[in-house]
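Asks: Let me give you the structure first, and then I'll get to my questions.
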Amino acid sequence: MPSRSMFLRILWRLLGASRGRLTVALIALTSGAAVCSALLNVNLDAERKLTQEFRTLGANVVVAPPSGGNDAALADAGILDRIASLHFARIVATAPYLYVAANSGSQPVILAGTWFDQVSKMNAWWKVEGAAMTSRDDREHCLVGVTAARQLGLSPGSAVQLRSGDRTLSMTVAGIVTTGGAEDNQILTSLESVQNFVGLQSRVSLVQLSVSGTPPEIVEVTQKLAETLPGLDVRPVRQITAAEGTILGKIRGMIFWTIALILVLSMLGVLASMAALAMERRRDVGLMKALGGTVPRIMRLFLAEAGALGAVGGVLGFLIGVVLARWIGERIFGVVISARFEVLPITILLTVFVALAGSFPLRLLGRVHPAEILRGE
Amino acid sequence: MAPVVQVEQLEKRYGDVRALDRVSFEVETGEWIAIMGPSGSGKTTLINILGGLDHPTAGRVVVDGLEIGNLGEKELTRYRADKIGFVFQQFHLVPYLTALENVMLAQYFHSITDEKEAAEALKRVGLGDRLDHVPAALSGGEQQRVAIARALINQPKVILADEPTGNLDEVNEGVVLKLLRELHDAGHTILVVTHSQSIGNLADRRVELEHGRLARIVTPSLAKD
């Protein structure tokens, strides 16, 4: 029989021999692995889900003509086709804006034309009293910013007539929108209506983009856009990108230190079991040495035992961790965390490492003097 | 032919205590030697040094042409695997391995395992029907027979037995002694530490120790004459 088979045979017997102590060690390893697996799953999946969530918090990249001191600079609407032709999967929504000055009665107001199908994707947090607008082609209605509505005395269902020079534009107010931003002072309607109203067909003031991904990924997309759109300013919205980076960084830091702490606690649990096991095995090691077993050969048996325990603990822990991650995701982040199988090898490796580190007392058995042990000292 | 064991002026000190004091004797191949003496006379120390489990303080020990006093830990481990078969008073079997696996364990540390050969060794000591029993399921006599099969499995140059019948009842003592006699008849070199005069009388020679010194070497057959 090849020696490898005998090695596995002894290993199997070792695992069966000290079931009580090994079960305690296995519970420590599985618990640690479960928490690690859960946190790693949360880290990987929640990061992806949270960056998706961030995309509903507004644009994080703006494309605009260089201002150069001229605030009224406009870009050709053809840039929208050029952005679309890039087929960047990371671009979640593209909303062009054309801003013009108009009058409602005697009061000046900013009229913004945009694509509401994209705006609604990008700004899910906007509060609308009345009806929201979601269609790009709706030329009958408009949304009025909450401040502008107060100044103009408008409410949902009101008729509004705007003038610019000798042109007029009549619409019905669909809803009053609160954004906390510049839109609160504006009237928003379809891009095409505004372009026709002021005779600026195929012109836009700027394009807002919602780009998914981590902050470095967003910067990468920004750089590629800048290369593709020469002559235009492509800028990330720093506050949003930085906020995303800070939140994700904090989550990552918390997860890293929690995993480190849990692994140390697991190792201490394994250490306690293995110390007791080492006392039980002194005689066996003494005997093995007397029979001609070299220290490395005997230690390989014990380390393989610890490694096998770590691997089993890692697999069990991963499975429990997936369930735990799902629970954490739902309870804390409000998202469904899916099992990430790349976490399995990481969990197993970490758990095997902890098992081997925790089996330090078994390694001290290499110092056992067979004559003393066999005399019964 | 050179003696298989040569002990010359062997000394072993533990601090100020001399466990062995200038002991010298030789053992020929195929001889059965009984090492006897009162408790504390140095019998176990002597057998431990012969078995490479302990180092001499001074003197020379040569086994099968190898001076073991000069060997490092690694070489001593190899020496034990290659040249020595141990039988202990407390049997010292690995409790979670079967009888067969306990014998194979000695093969494993020596070279490669051969399950058939290990089973044959157990059949030779009358345990052909106990191969898959763990030590706890065997009687004391049966456990000692497993230990004897394990001691023989690697064809050692010398079998060292420390009180092999010390933990056995009369019936099992008889069985183990019969086995040792058969091994002797088959040409094995055996050194047995014993308190038992009857076992001493079965040996070719008795090496008797007192206070760590060689008191006398007796040849029982001549003594009877």
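The way I read the labels, and the way they are meant: chains A, B, ... in the order of the structure tokens, residue 1 as the first residue of every chain, and ligand 1 as the first ligand shown, with later ones counted on from there.
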Residues of chain A that have any atom at most 7 Å from an atom of chain B: could you tabulate them with the shortest-distance atom pair and the distance in Å to one decimal, using only C-alpha atoms, ordered by chain and increasing number, as JSON lines?
Replies:
{"residue": "A:Met1", "atom": "CA", "partner": "B:Thr113", "partner_atom": "CA", "distance": 5.3}
{"residue": "A:Pro2", "atom": "CA", "partner": "B:Ile112", "partner_atom": "CA", "distance": 6.3}
{"residue": "A:Ser3", "atom": "CA", "partner": "B:Ile112", "partner_atom": "CA", "distance": 5.5}
{"residue": "A:Arg13", "atom": "CA", "partner": "B:Tyr96", "partner_atom": "CA", "distance": 6.1}
{"residue": "A:Ala17", "atom": "CA", "partner": "B:Tyr96", "partner_atom": "CA", "distance": 5.7}
{"residue": "A:Asp284", "atom": "CA", "partner": "B:Val94", "partner_atom": "CA", "distance": 6.1}
{"residue": "A:Leu287", "atom": "CA", "partner": "B:His92", "partner_atom": "CA", "distance": 6.9}
{"residue": "A:Lys289", "atom": "CA", "partner": "B:Thr77", "partner_atom": "CA", "distance": 7.0}
{"residue": "A:Ala290", "atom": "CA", "partner": "B:Arg80", "partner_atom": "CA", "distance": 6.7}
{"residue": "A:Leu291", "atom": "CA", "partner": "B:Ala81", "partner_atom": "CA", "distance": 5.7}
{"residue": "A:Gly292", "atom": "CA", "partner": "B:Ala81", "partner_atom": "CA", "distance": 4.1}
{"residue": "A:Gly293", "atom": "CA", "partner": "B:Phe109", "partner_atom": "CA", "distance": 5.0}
{"residue": "A:Thr294", "atom": "CA", "partner": "B:Thr77", "partner_atom": "CA", "distance": 6.4}
{"residue": "A:Pro370", "atom": "CA", "partner": "B:Leu53", "partner_atom": "CA", "distance": 6.5}
{"residue": "A:Ala371", "atom": "CA", "partner": "B:Leu53", "partner_atom": "CA", "distance": 5.5}
Asks: Mind dumping the selected residues with N, CA and C atoms as a PDB file, in the first residue's frame?
Replies:
ATOM      1  N   MET A   1       0.851  -1.196   0.000  1.00  0.00           N
ATOM      2  CA  MET A   1       0.000   0.000   0.000  1.00  0.00           C
ATOM      3  C   MET A   1       0.888   1.248   0.000  1.00  0.00           C
ATOM      4  N   PRO A   2       0.610   2.198  -0.880  1.00  0.00           N
ATOM      5  CA  PRO A   2       1.443   3.398  -0.857  1.00  0.00           C
ATOM      6  C   PRO A   2       1.291   4.117   0.480  1.00  0.00           C
ATOM      7  N   SER A   3       2.366   4.812   0.907  1.00  0.00           N
ATOM      8  CA  SER A   3       2.351   5.456   2.213  1.00  0.00           C
ATOM      9  C   SER A   3       1.283   6.532   2.307  1.00  0.00           C
ATOM     10  N   ARG A  13      -8.462   8.097  11.243  1.00  0.00           N
ATOM     11  CA  ARG A  13      -8.601   7.600  12.621  1.00  0.00           C
ATOM     12  C   ARG A  13      -8.405   8.737  13.626  1.00  0.00           C
ATOM     13  N   ALA A  17     -10.904   9.895  16.496  1.00  0.00           N
ATOM     14  CA  ALA A  17     -10.487   9.516  17.846  1.00  0.00           C
ATOM     15  C   ALA A  17     -10.859  10.547  18.908  1.00  0.00           C
ATOM     16  N   ASP A 284       1.115   9.088  22.373  1.00  0.00           N
ATOM     17  CA  ASP A 284       1.096   8.595  20.990  1.00  0.00           C
ATOM     18  C   ASP A 284       2.310   9.113  20.228  1.00  0.00           C
ATOM     19  N   LEU A 287       5.426   7.366  21.334  1.00  0.00           N
ATOM     20  CA  LEU A 287       5.464   6.033  20.738  1.00  0.00           C
ATOM     21  C   LEU A 287       5.871   6.111  19.260  1.00  0.00           C
ATOM     22  N   LYS A 289       7.601   8.335  17.807  1.00  0.00           N
ATOM     23  CA  LYS A 289       9.026   8.655  17.688  1.00  0.00           C
ATOM     24  C   LYS A 289       9.866   7.415  17.991  1.00  0.00           C
ATOM     25  N   ALA A 290       9.440   6.637  19.004  1.00  0.00           N
ATOM     26  CA  ALA A 290      10.176   5.420  19.340  1.00  0.00           C
ATOM     27  C   ALA A 290      10.160   4.436  18.177  1.00  0.00           C
ATOM     28  N   LEU A 291       9.074   4.430  17.418  1.00  0.00           N
ATOM     29  CA  LEU A 291       8.959   3.494  16.289  1.00  0.00           C
ATOM     30  C   LEU A 291       9.715   3.995  15.046  1.00  0.00           C
ATOM     31  N   GLY A 292      10.353   5.162  15.180  1.00  0.00           N
ATOM     32  CA  GLY A 292      11.136   5.654  14.043  1.00  0.00           C
ATOM     33  C   GLY A 292      10.459   6.754  13.261  1.00  0.00           C
ATOM     34  N   GLY A 293       9.393   7.321  13.818  1.00  0.00           N
ATOM     35  CA  GLY A 293       8.711   8.423  13.131  1.00  0.00           C
ATOM     36  C   GLY A 293       9.492   9.718  13.313  1.00  0.00           C
ATOM     37  N   THR A 294       9.804  10.383  12.215  1.00  0.00           N
ATOM     38  CA  THR A 294      10.519  11.657  12.321  1.00  0.00           C
ATOM     39  C   THR A 294       9.520  12.736  12.740  1.00  0.00           C
ATOM     40  N   PRO A 370      10.644  10.550  23.822  1.00  0.00           N
ATOM     41  CA  PRO A 370       9.931   9.262  23.898  1.00  0.00           C
ATOM     42  C   PRO A 370      10.256   8.457  25.150  1.00  0.00           C
ATOM     43  N   ALA A 371      11.515   8.488  25.587  1.00  0.00           N
ATOM     44  CA  ALA A 371      11.870   7.658  26.749  1.00  0.00           C
ATOM     45  C   ALA A 371      11.064   8.078  27.979  1.00  0.00           C
TER      46      ALA A 371
END
Asks: Can you pull out every residue from stretch 208-237 of chain A that DSSP, working from the backbone, puts in alpha helix (DSSP H), and format the result as a list in words?
Replies: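 The alpha helix (DSSP H) subset of stretch 208-237 of chain A is Pro215, Pro216, Glu217, Ile218, Val219, Glu220, Val221, Thr222, Gln223, Lys224, Leu225, Ala226, Glu227 and Thr228 of chain A.
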Asks: I'd like to know which of A:Ser37, A:Val198, A:Phe353, A:Ala276 is closest to A:Asp166, using only C-alpha atoms.
Replies: A:Val198
Asks: For atom CA of B:Leu10 and atom CA of B:Gly37, quote the distance in Å rounded to one decimal.
Replies: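 These atoms are spaced 16.8 Å apart.
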Asks: With only C-alpha atoms as the counted atoms, please give the residues lying no more than 8 Å from B:Asp204, apart from itself and same-chain residues fewer than 5 positions off, as a list in words.
Replies: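 Surrounding residues, per the criterion: Glu31, Trp32, Ile33, Ala34, Thr219, Pro220 and Ser221 of chain B.
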Asks: Include C-alpha atoms and write out the residues we just selected as an mmCIF file, in the first residue's frame.
Replies:
data_model
loop_
_atom_site.group_PDB
_atom_site.id
_atom_site.type_symbol
_atom_site.label_atom_id
_atom_site.label_comp_id
_atom_site.auth_asym_id
_atom_site.auth_seq_id
_atom_site.Cartn_x
_atom_site.Cartn_y
_atom_site.Cartn_z
ATOM 1 C CA GLU B 31 21.395 -14.606 21.524
ATOM 2 C CA TRP B 32 18.652 -14.156 24.128
ATOM 3 C CA ILE B 33 19.894 -11.924 26.908
ATOM 4 C CA ALA B 34 17.984 -11.231 30.116
ATOM 5 C CA THR B 219 24.895 -18.351 31.705
ATOM 6 C CA PRO B 220 21.861 -20.225 33.110
ATOM 7 C CA SER B 221 22.664 -23.516 31.387
#
Asks: Please indicate the distance in Å from atom CA of A:Met267 to atom CA of A:Leu29, rounded to one decimal place.
Replies: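 Atom CA of A:Leu29 lies at a distance of 7.6 Å from atom CA of A:Met267.
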Asks: Skip A:Asp138 itself and residues of its chain fewer than 4 positions away, then list as number ranges by chain all residues within 8 Å of it, counting only C-alpha atoms.
Replies: A: 133, 189-190
Asks: For the residues in that selection, give me C-alpha atoms as an mmCIF file, in the first residue's frame.
Replies:
data_model
loop_
_atom_site.group_PDB
_atom_site.id
_atom_site.type_symbol
_atom_site.label_atom_id
_atom_site.label_comp_id
_atom_site.auth_asym_id
_atom_site.auth_seq_id
_atom_site.Cartn_x
_atom_site.Cartn_y
_atom_site.Cartn_z
ATOM 1 C CA MET A 133 -43.631 63.010 -15.224
ATOM 2 C CA THR A 189 -40.868 70.279 -19.158
ATOM 3 C CA SER A 190 -39.878 68.203 -22.184
#
Asks: Within 10 Å of B:Gln197, counting only C-alpha atoms, which residues show up once you throw out same-chain ones fewer than 2 positions away? Write them as a ChimeraX atom specification, please.
Replies: /B:34,36,194-195,199-202,206
Asks: For the residues selected in the previous step, produce a file with N, CA and C atoms as a compact mmCIF listing (two decimals), in the first residue's frame.
Replies:
# COMPACT_ATOMS: atom_id res chain seq x y z
N ALA B 34 18.89 -11.80 29.10
CA ALA B 34 17.98 -11.23 30.12
C ALA B 34 18.76 -10.20 30.91
N MET B 36 18.79 -8.16 34.19
CA MET B 36 18.11 -8.30 35.47
C MET B 36 18.74 -7.42 36.54
N THR B 194 13.88 -7.86 32.78
CA THR B 194 12.88 -8.59 33.56
C THR B 194 13.28 -8.68 35.03
N HIS B 195 12.26 -8.81 35.87
CA HIS B 195 12.47 -9.12 37.28
C HIS B 195 12.30 -10.61 37.52
N ILE B 199 11.96 -16.13 33.66
CA ILE B 199 12.29 -15.63 32.32
C ILE B 199 13.81 -15.55 32.17
N GLY B 200 14.46 -15.13 33.24
CA GLY B 200 15.92 -15.05 33.21
C GLY B 200 16.54 -16.41 32.92
N ASN B 201 15.91 -17.43 33.44
CA ASN B 201 16.45 -18.78 33.22
C ASN B 201 16.27 -19.28 31.81
N LEU B 202 15.29 -18.70 31.10
CA LEU B 202 15.07 -19.11 29.70
C LEU B 202 16.12 -18.51 28.77
N ARG B 206 22.33 -14.08 31.44
CA ARG B 206 21.71 -13.03 32.24
C ARG B 206 22.76 -11.96 32.52
Asks: Can you list every residue in stretch 89-181 of chain A that DSSP puts in strand (DSSP E or B), as number ranges by chain?
Replies: A: 91-104, 107-114, 127-130, 141-145, 159-164, 167-178
Asks: Please identify all polymer residues within 9 Å of B:Leu179, counting only C-alpha atoms, omitting same-chain residues fewer than 5 positions from it, and present them as number ranges by chain.
Replies: B: 125, 145, 148, 174, 184
Asks: Please provide the set of residues having any atom within 10 Å of stretch 251-261 of chain A, restricted to only C-alpha atoms, with same-chain residues fewer than 2 positions apart removed, written as a list in words.
Replies: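 These residues fall inside the cut-off: Gly32, Ala33, Val35, Cys36, Ser37, Ala38, Leu39, Leu40, Val42, Asn43, Leu44, Ala46, Glu47, Gly245, Thr246, Ile247, Leu248, Gly249, Leu263, Val264, Leu265, Ser266, Met267 and Leu350 of chain A.
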Asks: Those same residues - C-alpha atoms - I'd like them written as a short mmCIF file (atom, residue, chain, number, x, y, z; two decimals), in the first residue's frame.
Replies:
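Output file part20.cif follows:
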data_model
loop_
_atom_site.label_atom_id
_atom_site.label_comp_id
_atom_site.auth_asym_id
_atom_site.auth_seq_id
_atom_site.Cartn_x
_atom_site.Cartn_y
_atom_site.Cartn_z
CA GLY A 32 -15.57 32.29 12.69
CA ALA A 33 -15.88 31.19 9.06
CA VAL A 35 -19.09 35.51 10.24
CA CYS A 36 -16.20 36.01 7.78
CA SER A 37 -18.22 34.55 4.92
CA ALA A 38 -21.24 36.69 5.81
CA LEU A 39 -19.21 39.88 6.04
CA LEU A 40 -17.27 39.16 2.84
CA VAL A 42 -22.00 41.65 2.41
CA ASN A 43 -18.86 43.56 1.42
CA LEU A 44 -18.90 42.31 -2.17
CA ALA A 46 -23.67 45.25 -0.72
CA GLU A 47 -20.99 47.33 -2.42
CA GLY A 245 -16.12 56.60 -1.45
CA THR A 246 -16.37 57.53 2.23
CA ILE A 247 -19.35 55.25 2.92
CA LEU A 248 -17.87 52.30 1.06
CA GLY A 249 -14.49 52.89 2.71
CA LEU A 263 -10.51 35.16 13.33
CA VAL A 264 -8.42 35.85 16.43
CA LEU A 265 -11.32 34.73 18.67
CA SER A 266 -11.77 31.57 16.59
CA MET A 267 -8.08 30.86 16.84
CA LEU A 350 -8.69 31.91 6.16
#
Asks: From the options B:Leu183, B:Leu66, B:Ile47, B:Val17, which residue's atoms come nearest to B:Arg124, counting only C-alpha atoms?
Replies: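 Among B:Leu183, B:Leu66, B:Ile47, B:Val17, it is B:Leu183 that comes nearest to B:Arg124.
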Asks: I'd like the interatomic distance between atom CA of A:Ala308 and atom CA of A:Met288, to a tenth of an Å.
Replies: 21.2 Å
